[in-house]
Amino acid sequence: MTVYLDYNAATPCLAGSAYPFTFEHFSNASGSHFLARESKQAFDDALNGIRDALGLHEHDIVITSGGTEANCLALQSFIDDEDKIACCGFEHPSVRLNARTLIEIPCLSTGQMDVEALSNIIVDNRDIRLVSIMFANNETGIIQPIERIKKVCIENNVLLHCDASQGLGKVPRQLLTFLDHQPDLITLTGQKQYAVAGIGALLVRKGLEPIQSQWLDGGRQQQLRSGTLPVALAQMLSASTKFCIESEELVSKVFDLSQLLFSLLKDRFPSITLNNRKAHSLYNTLSIVLPCCAKDVMLELGSQVCFSTGSSCCGDKLSKSLLLMGLEPEIIRRTARISLGFTTTEDEVRFAAKAIINVVETLQSTTKCDNTE
């Protein structure tokens with residue numbers, strides 16, 4: 001058995017099918033004939049499906065190739081060259097590396113943005129045009145205080161971009177605070193929400209006009225993104241968005257399974273702790289401190305259990321998300337990111353727990369692991 005516990009990296013495609021618009025209704029949606037108009041209608045229906053599922057009817061939708069492109073569009077299309085962007089150091093590289101001028105906002109030990117510091121920094125830097133914040137951290141699962149951040153942005157006439165790549169299908173609807181407080185720009189990523197890789201979206205508040213387009217070829221999709229409209233992929237993103245919003249029971253099941261996994265490991269190794277226990281976090285994510293280097297555990301597990309270390313530890317760069325929380329390097333090296341999903345079963349959780357326990361016990365008998373338990 002191979003147990004997959006890396007759903008924050010990628011999810012299986014569980015919703016929608018590309019078949020009808022790949023093999024049957026494949027006409028270019030920019031054409032004028034009957035079949036082309038059918039394809040365009042299907043594309044528009046997909047966008048409306050996303051709006052309806054999320055309740056974001058005041059946003060236009062630009063379909064992209066994924067979350068990275070959506071983040072780049074958000075940061076490069078709506079500000080002038082001299083404007084500054086504010087974000088935390090734990091943001092995705094597509095945010096941090098695409099900001100022309102970046103001001104880093106401090107992070108609290110809870111793993112959340114320091115909103116008071118954000119407010120003070122904006123007051124002192126009136127050329128900040130946009131604040132970018134992820135809804136939830138992909139490594140720790142910690143959810144950011146979107147309501148408070150949005151309030152600061154409104155008070156200072158600053159745009160708010162929210163990278164919501166992690167969120168749909170990982171917490172109940174009532175915790176998806178970015179839907180209630182509606183940032184100006186929102187990123188979605190298909191492969192994180194049970195669609196295929198290669199599809200994402202940037203949701204843009206109606207009336208917010210781009211200052212500069214990234215491509216000068218055709219001017220489709222609100223003058224933000226040219227190219228042939230990906231009808232089949234848009235349909236799949238729409239279906240997965242609806243699927244995630246409507247799957248409250250599955251989200252609860254995943255939460256129960258994540259707690260079961262933690263309790264099984266904790267029962268054997270009482271010193272095990274969670275890095276994301278101080279704040280609301282994704283129901284599916286355990287940022288768990290093992291008795292041994294997490295990368296050693298992962299490698300020794302081989303094909304039995306697949307999870308992420310959450311950082312390139314044991315000689316590589318340490319996780320910036322965890323460093324910003326003030327964690328010691330040794331704790332970071334022992335941190336595993338275990339993320340469950342809709343297809344995870346109780347049998348898989350019990351198998352994974354047993355396999356991890358066996359590997360840790362083996363490593364404890366060597367010099368590779370702390371012999372504290």
# chains A, B, ... in the order shown; residues from 1 in each chain; ligands from 1
$ closest_atom_pairs --of "stretch 47-146 of chain A" --to "stretch 203-209 of chain A" --cutoff "6 Å" --atoms "only C-alpha atoms" --output "Markdown table"
| residue | atom | partner | partner_atom | distance |
| --- | --- | --- | --- | --- |
| A:Glu58 | CA | A:Lys206 | CA | 5.6 |
| A:His59 | CA | A:Arg205 | CA | 4.2 |
| A:Asp60 | CA | A:Val204 | CA | 5.0 |
| A:Ile61 | CA | A:Leu203 | CA | 4.5 |
$ write_last_selection --atoms "N, CA, C and O atoms" --output "mmCIF file, in the first residue's frame"
data_model
loop_
_atom_site.group_PDB
_atom_site.id
_atom_site.type_symbol
_atom_site.label_atom_id
_atom_site.label_comp_id
_atom_site.auth_asym_id
_atom_site.auth_seq_id
_atom_site.Cartn_x
_atom_site.Cartn_y
_atom_site.Cartn_z
ATOM 1 N N GLU A 58 -19.563 40.113 -7.585
ATOM 2 C CA GLU A 58 -18.982 41.427 -7.865
ATOM 3 C C GLU A 58 -17.559 41.318 -8.381
ATOM 4 O O GLU A 58 -16.803 42.278 -8.346
ATOM 5 N N HIS A 59 -17.182 40.127 -8.840
ATOM 6 C CA HIS A 59 -15.835 39.917 -9.370
ATOM 7 C C HIS A 59 -15.898 39.364 -10.790
ATOM 8 O O HIS A 59 -16.701 38.487 -11.095
ATOM 9 N N ASP A 60 -15.049 39.919 -11.647
ATOM 10 C CA ASP A 60 -14.790 39.294 -12.936
ATOM 11 C C ASP A 60 -13.785 38.163 -12.731
ATOM 12 O O ASP A 60 -13.068 38.139 -11.723
ATOM 13 N N ILE A 61 -13.739 37.238 -13.686
ATOM 14 C CA ILE A 61 -12.852 36.076 -13.551
ATOM 15 C C ILE A 61 -11.957 35.965 -14.769
ATOM 16 O O ILE A 61 -12.428 35.962 -15.905
#
$ residues_around --residues "stretch 161-175 of chain A" --least-positions-apart "5" --cutoff "7 Å" --atoms "only C-alpha atoms" --output "PyMOL selection string"
chain A and resi 67+131-136+138+183-189+192-193+244-245+248+251+282-284
$ write_last_selection --atoms "N, CA, C and O atoms" --output "JSON list (two decimals), in the first residue's frame"
[["chain", "number", "residue", "atom", "x", "y", "z"],
["A", 67, "GLY", "N", -2.09, 29.01, -10.22],
["A", 67, "GLY", "CA", -1.98, 30.04, -9.20],
["A", 67, "GLY", "C", -0.81, 30.97, -9.40],
["A", 67, "GLY", "O", -0.89, 32.17, -9.11],
["A", 131, "VAL", "N", -1.58, 45.16, -0.85],
["A", 131, "VAL", "CA", -1.17, 44.18, 0.16],
["A", 131, "VAL", "C", -1.54, 42.80, -0.37],
["A", 131, "VAL", "O", -2.66, 42.59, -0.84],
["A", 132, "SER", "N", -0.58, 41.88, -0.32],
["A", 132, "SER", "CA", -0.85, 40.50, -0.75],
["A", 132, "SER", "C", -0.72, 39.57, 0.44],
["A", 132, "SER", "O", 0.28, 39.62, 1.17],
["A", 133, "ILE", "N", -1.71, 38.71, 0.64],
["A", 133, "ILE", "CA", -1.70, 37.78, 1.76],
["A", 133, "ILE", "C", -2.35, 36.47, 1.32],
["A", 133, "ILE", "O", -3.38, 36.47, 0.64],
["A", 134, "MET", "N", -1.74, 35.36, 1.68],
["A", 134, "MET", "CA", -2.37, 34.08, 1.39],
["A", 134, "MET", "C", -3.51, 33.84, 2.38],
["A", 134, "MET", "O", -3.45, 34.29, 3.53],
["A", 135, "PHE", "N", -4.53, 33.14, 1.93],
["A", 135, "PHE", "CA", -5.62, 32.80, 2.85],
["A", 135, "PHE", "C", -5.11, 31.86, 3.93],
["A", 135, "PHE", "O", -5.36, 32.06, 5.12],
["A", 136, "ALA", "N", -4.39, 30.81, 3.52],
["A", 136, "ALA", "CA", -3.83, 29.86, 4.47],
["A", 136, "ALA", "C", -2.45, 29.43, 3.98],
["A", 136, "ALA", "O", -2.23, 29.27, 2.79],
["A", 138, "ASN", "N", 0.55, 27.19, 3.00],
["A", 138, "ASN", "CA", 0.59, 25.86, 2.43],
["A", 138, "ASN", "C", 1.41, 24.88, 3.26],
["A", 138, "ASN", "O", 1.22, 23.67, 3.18],
["A", 183, "PRO", "N", -11.66, 40.31, -0.94],
["A", 183, "PRO", "CA", -10.52, 41.12, -1.40],
["A", 183, "PRO", "C", -10.72, 41.59, -2.84],
["A", 183, "PRO", "O", -11.55, 41.06, -3.57],
["A", 184, "ASP", "N", -9.94, 42.57, -3.23],
["A", 184, "ASP", "CA", -10.05, 43.11, -4.59],
["A", 184, "ASP", "C", -9.62, 42.08, -5.63],
["A", 184, "ASP", "O", -10.16, 42.04, -6.75],
["A", 185, "LEU", "N", -8.63, 41.27, -5.27],
["A", 185, "LEU", "CA", -8.06, 40.27, -6.18],
["A", 185, "LEU", "C", -7.92, 38.95, -5.44],
["A", 185, "LEU", "O", -7.43, 38.93, -4.30],
["A", 186, "ILE", "N", -8.34, 37.86, -6.06],
["A", 186, "ILE", "CA", -8.31, 36.55, -5.41],
["A", 186, "ILE", "C", -7.74, 35.52, -6.39],
["A", 186, "ILE", "O", -8.17, 35.44, -7.54],
["A", 187, "THR", "N", -6.81, 34.72, -5.90],
["A", 187, "THR", "CA", -6.20, 33.67, -6.70],
["A", 187, "THR", "C", -6.79, 32.31, -6.33],
["A", 187, "THR", "O", -6.90, 31.99, -5.15],
["A", 188, "LEU", "N", -7.14, 31.52, -7.35],
["A", 188, "LEU", "CA", -7.55, 30.13, -7.17],
["A", 188, "LEU", "C", -6.60, 29.24, -7.97],
["A", 188, "LEU", "O", -6.08, 29.64, -9.02],
["A", 189, "THR", "N", -6.39, 28.01, -7.49],
["A", 189, "THR", "CA", -5.50, 27.06, -8.16],
["A", 189, "THR", "C", -6.19, 25.71, -8.28],
["A", 189, "THR", "O", -6.52, 25.09, -7.27],
["A", 192, "LYS", "N", -5.03, 22.38, -6.44],
["A", 192, "LYS", "CA", -5.18, 22.34, -4.98],
["A", 192, "LYS", "C", -6.63, 22.08, -4.57],
["A", 192, "LYS", "O", -6.91, 21.87, -3.38],
["A", 193, "GLN", "N", -7.56, 22.09, -5.52],
["A", 193, "GLN", "CA", -8.98, 21.98, -5.18],
["A", 193, "GLN", "C", -9.69, 20.95, -6.06],
["A", 193, "GLN", "O", -10.82, 21.12, -6.45],
["A", 244, "CYS", "N", -16.10, 21.51, -4.04],
["A", 244, "CYS", "CA", -15.47, 21.81, -2.75],
["A", 244, "CYS", "C", -16.42, 22.54, -1.80],
["A", 244, "CYS", "O", -16.48, 22.25, -0.60],
["A", 245, "ILE", "N", -17.17, 23.50, -2.33],
["A", 245, "ILE", "CA", -18.09, 24.27, -1.50],
["A", 245, "ILE", "C", -19.19, 23.38, -0.94],
["A", 245, "ILE", "O", -19.65, 23.56, 0.20],
["A", 248, "GLU", "N", -19.18, 19.67, 2.55],
["A", 248, "GLU", "CA", -18.97, 19.94, 3.97],
["A", 248, "GLU", "C", -18.73, 18.64, 4.76],
["A", 248, "GLU", "O", -17.90, 18.60, 5.67],
["A", 251, "VAL", "N", -15.22, 17.46, 4.23],
["A", 251, "VAL", "CA", -14.27, 18.30, 4.97],
["A", 251, "VAL", "C", -14.23, 17.87, 6.44],
["A", 251, "VAL", "O", -13.15, 17.76, 7.03],
["A", 282, "LEU", "N", -6.10, 24.98, 8.45],
["A", 282, "LEU", "CA", -6.83, 24.09, 7.56],
["A", 282, "LEU", "C", -7.12, 22.77, 8.26],
["A", 282, "LEU", "O", -6.26, 22.22, 8.96],
["A", 283, "TYR", "N", -8.31, 22.24, 8.01],
["A", 283, "TYR", "CA", -8.73, 21.02, 8.68],
["A", 283, "TYR", "C", -7.88, 19.81, 8.28],
["A", 283, "TYR", "O", -7.81, 18.82, 9.01],
["A", 284, "ASN", "N", -7.26, 19.88, 7.13],
["A", 284, "ASN", "CA", -6.57, 18.71, 6.59],
["A", 284, "ASN", "C", -5.08, 18.69, 6.89],
["A", 284, "ASN", "O", -4.40, 17.72, 6.53]]
$ residues_around --residues "A:Leu5" --least-positions-apart "6" --cutoff "10 Å" --atoms "only C-alpha atoms" --output "PyMOL selection string"
chain A and resi 11+284-285+305-308+337-341+344+348-349+352
$ write_last_selection --atoms "N, CA, C and O atoms" --output "PDB file, in the first residue's frame"
ATOM      1  N   THR A  11      -3.990  17.695  -5.539  1.00  0.00           N
ATOM      2  CA  THR A  11      -5.136  16.844  -5.259  1.00  0.00           C
ATOM      3  C   THR A  11      -5.509  16.054  -6.509  1.00  0.00           C
ATOM      4  O   THR A  11      -5.231  16.481  -7.626  1.00  0.00           O
ATOM      5  N   ASN A 284      -7.261  19.879   7.126  1.00  0.00           N
ATOM      6  CA  ASN A 284      -6.568  18.709   6.589  1.00  0.00           C
ATOM      7  C   ASN A 284      -5.081  18.686   6.889  1.00  0.00           C
ATOM      8  O   ASN A 284      -4.399  17.724   6.526  1.00  0.00           O
ATOM      9  N   THR A 285      -4.550  19.735   7.544  1.00  0.00           N
ATOM     10  CA  THR A 285      -3.101  19.931   7.599  1.00  0.00           C
ATOM     11  C   THR A 285      -2.542  19.758   9.011  1.00  0.00           C
ATOM     12  O   THR A 285      -3.018  20.387   9.954  1.00  0.00           O
ATOM     13  N   VAL A 305       4.451   5.722   2.609  1.00  0.00           N
ATOM     14  CA  VAL A 305       3.712   6.946   2.928  1.00  0.00           C
ATOM     15  C   VAL A 305       4.394   8.123   2.236  1.00  0.00           C
ATOM     16  O   VAL A 305       5.616   8.270   2.317  1.00  0.00           O
ATOM     17  N   CYS A 306       3.605   8.953   1.573  1.00  0.00           N
ATOM     18  CA  CYS A 306       4.133  10.126   0.878  1.00  0.00           C
ATOM     19  C   CYS A 306       3.624  11.388   1.548  1.00  0.00           C
ATOM     20  O   CYS A 306       2.422  11.673   1.529  1.00  0.00           O
ATOM     21  N   PHE A 307       4.529  12.123   2.184  1.00  0.00           N
ATOM     22  CA  PHE A 307       4.200  13.430   2.745  1.00  0.00           C
ATOM     23  C   PHE A 307       5.345  14.376   2.439  1.00  0.00           C
ATOM     24  O   PHE A 307       6.362  13.993   1.877  1.00  0.00           O
ATOM     25  N   SER A 308       5.179  15.632   2.812  1.00  0.00           N
ATOM     26  CA  SER A 308       6.205  16.633   2.558  1.00  0.00           C
ATOM     27  C   SER A 308       6.909  16.982   3.854  1.00  0.00           C
ATOM     28  O   SER A 308       6.320  16.914   4.935  1.00  0.00           O
ATOM     29  N   ARG A 337       5.043  18.142   7.011  1.00  0.00           N
ATOM     30  CA  ARG A 337       3.730  18.646   6.593  1.00  0.00           C
ATOM     31  C   ARG A 337       2.927  17.454   6.088  1.00  0.00           C
ATOM     32  O   ARG A 337       3.227  16.896   5.051  1.00  0.00           O
ATOM     33  N   ILE A 338       1.933  17.087   6.864  1.00  0.00           N
ATOM     34  CA  ILE A 338       1.060  15.982   6.492  1.00  0.00           C
ATOM     35  C   ILE A 338      -0.303  16.561   6.170  1.00  0.00           C
ATOM     36  O   ILE A 338      -0.937  17.198   7.019  1.00  0.00           O
ATOM     37  N   SER A 339      -0.741  16.372   4.942  1.00  0.00           N
ATOM     38  CA  SER A 339      -2.024  16.946   4.530  1.00  0.00           C
ATOM     39  C   SER A 339      -2.891  15.869   3.897  1.00  0.00           C
ATOM     40  O   SER A 339      -2.473  15.179   2.970  1.00  0.00           O
ATOM     41  N   LEU A 340      -4.104  15.755   4.430  1.00  0.00           N
ATOM     42  CA  LEU A 340      -5.041  14.730   4.002  1.00  0.00           C
ATOM     43  C   LEU A 340      -6.016  15.302   2.992  1.00  0.00           C
ATOM     44  O   LEU A 340      -6.077  16.517   2.785  1.00  0.00           O
ATOM     45  N   GLY A 341      -6.816  14.419   2.383  1.00  0.00           N
ATOM     46  CA  GLY A 341      -7.773  14.872   1.382  1.00  0.00           C
ATOM     47  C   GLY A 341      -9.031  14.034   1.351  1.00  0.00           C
ATOM     48  O   GLY A 341      -9.202  13.090   2.141  1.00  0.00           O
ATOM     49  N   THR A 344      -8.722  10.218   1.295  1.00  0.00           N
ATOM     50  CA  THR A 344      -8.035   9.544   2.390  1.00  0.00           C
ATOM     51  C   THR A 344      -9.026   8.698   3.183  1.00  0.00           C
ATOM     52  O   THR A 344     -10.140   9.132   3.472  1.00  0.00           O
ATOM     53  N   GLU A 348      -6.071   3.895   5.572  1.00  0.00           N
ATOM     54  CA  GLU A 348      -4.822   4.527   5.152  1.00  0.00           C
ATOM     55  C   GLU A 348      -4.172   5.277   6.302  1.00  0.00           C
ATOM     56  O   GLU A 348      -2.944   5.250   6.464  1.00  0.00           O
ATOM     57  N   VAL A 349      -4.982   5.959   7.097  1.00  0.00           N
ATOM     58  CA  VAL A 349      -4.449   6.711   8.232  1.00  0.00           C
ATOM     59  C   VAL A 349      -3.795   5.769   9.235  1.00  0.00           C
ATOM     60  O   VAL A 349      -2.691   6.032   9.737  1.00  0.00           O
ATOM     61  N   ALA A 352      -0.588   4.466   7.745  1.00  0.00           N
ATOM     62  CA  ALA A 352       0.436   5.505   7.745  1.00  0.00           C
ATOM     63  C   ALA A 352       1.011   5.710   9.140  1.00  0.00           C
ATOM     64  O   ALA A 352       2.240   5.838   9.309  1.00  0.00           O
TER      65      ALA A 352
END
$ closest_residue --among "A:Gln144, A:Ser287, A:Gln259, A:Asn358" --to "A:Thr335" --atoms "only C-alpha atoms"
A:Ser287
$ residues_around --residues "A:Pro145" --least-positions-apart "6" --cutoff "9 Å" --atoms "only C-alpha atoms" --output "count of residues only"
5
$ residues_around --residues "A:Cys369" --least-positions-apart "2" --cutoff "8 Å" --atoms "only C-alpha atoms" --output "JSON list (two decimals) with C-alpha atoms, in the first residue's frame"
[["chain", "number", "residue", "atom", "x", "y", "z"],
["A", 291, "PRO", "CA", 11.13, 12.89, 17.17],
["A", 292, "CYS", "CA", 13.48, 12.63, 14.15],
["A", 293, "CYS", "CA", 14.45, 14.66, 11.13],
["A", 360, "VAL", "CA", 10.90, 6.48, 13.85],
["A", 363, "LEU", "CA", 15.82, 5.65, 13.48],
["A", 364, "GLN", "CA", 15.81, 6.03, 17.26],
["A", 365, "SER", "CA", 18.02, 2.97, 17.46],
["A", 366, "THR", "CA", 20.63, 4.83, 15.43],
["A", 367, "THR", "CA", 22.44, 8.15, 15.81],
["A", 371, "ASN", "CA", 16.42, 8.98, 21.75]]
$ select_by_dssp --residues "stretch 163-289 of chain A" --states "alpha helix (DSSP H)" --output "ChimeraX atom specification"
/A:177-181,231-246,248-268
$ residues_around --residues "A:Ala279" --least-positions-apart "3" --cutoff "9 Å" --atoms "only C-alpha atoms" --output "list of chain:residue names"
A:Thr110, A:Gly111, A:Gln112, A:Ile142, A:Ile143, A:Gln144, A:Asn276
$ closest_residue --among "A:Ser258, A:Ser65, A:Ser271, A:Ser32" --to "A:Gly227" --atoms "only C-alpha atoms"
A:Ser65
$ closest_residue --among "A:Ala195, A:Leu159, A:Ile357, A:Ala15" --to "A:Leu75" --atoms "only C-alpha atoms"
A:Leu159
$ closest_residue --among "A:His25, A:Leu322, A:Arg37, A:Leu290" --to "A:Arg268" --atoms "only C-alpha atoms"
A:Leu290
$ atom_distance --atom1 "atom CA of A:Leu260" --atom2 "atom CA of A:Lys278"
19.2 Å
$ residues_around --residues "A:Val196" --least-positions-apart "4" --cutoff "7 Å" --atoms "only C-alpha atoms" --output "list in words"
Cys13, Gly190 and Gln191 of chain A
$ write_last_selection --atoms "N, CA, C and O atoms" --output "PDB file, in the first residue's frame"
ATOM      1  N   CYS A  13      -8.023  14.725  -9.415  1.00  0.00           N
ATOM      2  CA  CYS A  13      -9.134  15.380 -10.105  1.00  0.00           C
ATOM      3  C   CYS A  13     -10.405  14.582  -9.845  1.00  0.00           C
ATOM      4  O   CYS A  13     -10.551  13.450 -10.322  1.00  0.00           O
ATOM      5  N   GLY A 190      -6.364  25.243  -9.508  1.00  0.00           N
ATOM      6  CA  GLY A 190      -7.112  24.020  -9.751  1.00  0.00           C
ATOM      7  C   GLY A 190      -6.540  22.797  -9.075  1.00  0.00           C
ATOM      8  O   GLY A 190      -7.272  21.996  -8.471  1.00  0.00           O
ATOM      9  N   GLN A 191      -5.228  22.603  -9.140  1.00  0.00           N
ATOM     10  CA  GLN A 191      -4.644  21.377  -8.633  1.00  0.00           C
ATOM     11  C   GLN A 191      -4.682  21.281  -7.114  1.00  0.00           C
ATOM     12  O   GLN A 191      -4.406  20.227  -6.554  1.00  0.00           O
TER      13      GLN A 191
END
$ atom_distance --atom1 "atom CA of A:Ala9" --atom2 "atom CA of A:Ile272"
23.3 Å
